[in-house]
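Written out below as structure tokens is the structure these notes cover.
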Amino acid sequence: MSTQHTYRVIVRGTFDGLSEESRARLLVEVDAHGMSAMRFTPEGSLAYDRTLKHFSYRLVVVADAADGAEMAGVIAEDRVESALRELGHGHGDLRSSVTDMDTMKINYKR
């Protein structure tokens, strides 16, 4: 069994081809998806604003350390695509930034 690492992944994208129904649903829920709602969770936390242009998802991905951060990004992007598809929201290309929490150096103040 290989070592598991915990990754925090931020997936960013742009809404694209939103239906009127999707647009209306997003606008009704916009206050629940602002800056204060952003959390790193396994299922992901969606954040966007009233312009309905850009969005970000914050996720926690646990994966084999041997696969590296790149694979954690791919897993996260796949989860985001699935979540947006289930919600019926169209999007453009996704890009992710990944932090390996198990190798992150913490500088403590003395």
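For the structure tokens, the naming scheme is as follows: chains receive sequential letters (A, B, ...) according to their order of presentation, residues are indexed from 1 within each chain, and ligands are indexed from 1 in presentation order.
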
>> DSSP on the backbone: which residues in chain A end up as strand (DSSP E or B)? Give the answer as a ChimeraX atom specification.
In response: /A:4-15,41,45-48,54-64,91,95-100

Could you save those same residues with C-alpha atoms as an mmCIF file, in the first residue's frame?
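This is the output file again.cif:
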data_model
loop_
_atom_site.group_PDB
_atom_site.id
_atom_site.type_symbol
_atom_site.label_atom_id
_atom_site.label_comp_id
_atom_site.auth_asym_id
_atom_site.auth_seq_id
_atom_site.Cartn_x
_atom_site.Cartn_y
_atom_site.Cartn_z
ATOM 1 C CA GLN A 4 -1.595 8.735 0.939
ATOM 2 C CA HIS A 5 -1.224 12.512 0.872
ATOM 3 C CA THR A 6 -3.868 15.154 1.399
ATOM 4 C CA TYR A 7 -4.041 17.854 -1.264
ATOM 5 C CA ARG A 8 -5.922 21.122 -1.226
ATOM 6 C CA VAL A 9 -6.977 21.970 -4.741
ATOM 7 C CA ILE A 10 -8.473 25.168 -6.125
ATOM 8 C CA VAL A 11 -10.154 24.637 -9.490
ATOM 9 C CA ARG A 12 -10.990 27.803 -11.412
ATOM 10 C CA GLY A 13 -13.125 28.223 -14.476
ATOM 11 C CA THR A 14 -15.603 30.325 -16.376
ATOM 12 C CA PHE A 15 -19.305 29.682 -16.674
ATOM 13 C CA THR A 41 -14.056 19.852 1.539
ATOM 14 C CA SER A 45 -17.112 24.271 -2.187
ATOM 15 C CA LEU A 46 -18.333 26.445 -5.077
ATOM 16 C CA ALA A 47 -17.751 30.212 -5.020
ATOM 17 C CA TYR A 48 -18.921 32.803 -7.559
ATOM 18 C CA HIS A 54 -15.883 33.124 -13.162
ATOM 19 C CA PHE A 55 -16.105 30.531 -10.409
ATOM 20 C CA SER A 56 -13.794 28.577 -8.157
ATOM 21 C CA TYR A 57 -14.154 25.268 -6.383
ATOM 22 C CA ARG A 58 -12.118 24.342 -3.342
ATOM 23 C CA LEU A 59 -11.625 20.644 -2.717
ATOM 24 C CA VAL A 60 -9.689 18.216 -0.548
ATOM 25 C CA VAL A 61 -8.291 15.249 -2.460
ATOM 26 C CA VAL A 62 -6.620 12.284 -0.768
ATOM 27 C CA ALA A 63 -4.480 10.374 -3.253
ATOM 28 C CA ASP A 64 -1.349 8.272 -3.526
ATOM 29 C CA HIS A 91 -18.399 25.831 -18.151
ATOM 30 C CA ARG A 95 -7.365 25.016 -14.359
ATOM 31 C CA SER A 96 -6.213 23.940 -10.943
ATOM 32 C CA SER A 97 -3.600 24.808 -8.355
ATOM 33 C CA VAL A 98 -2.611 22.111 -5.884
ATOM 34 C CA THR A 99 -0.974 22.219 -2.457
ATOM 35 C CA ASP A 100 0.328 19.025 -0.867
#

>> At a cut-off of 12 Å, using only C-alpha atoms, what residues contact A:Val28? Leave out same-chain residues fewer than 4 positions from it and give the result as a list in words.
In response: Glu21, Ser22, Arg23, Ala24, Ala32, His33, Asp49, Arg50 and Leu52 of chain A
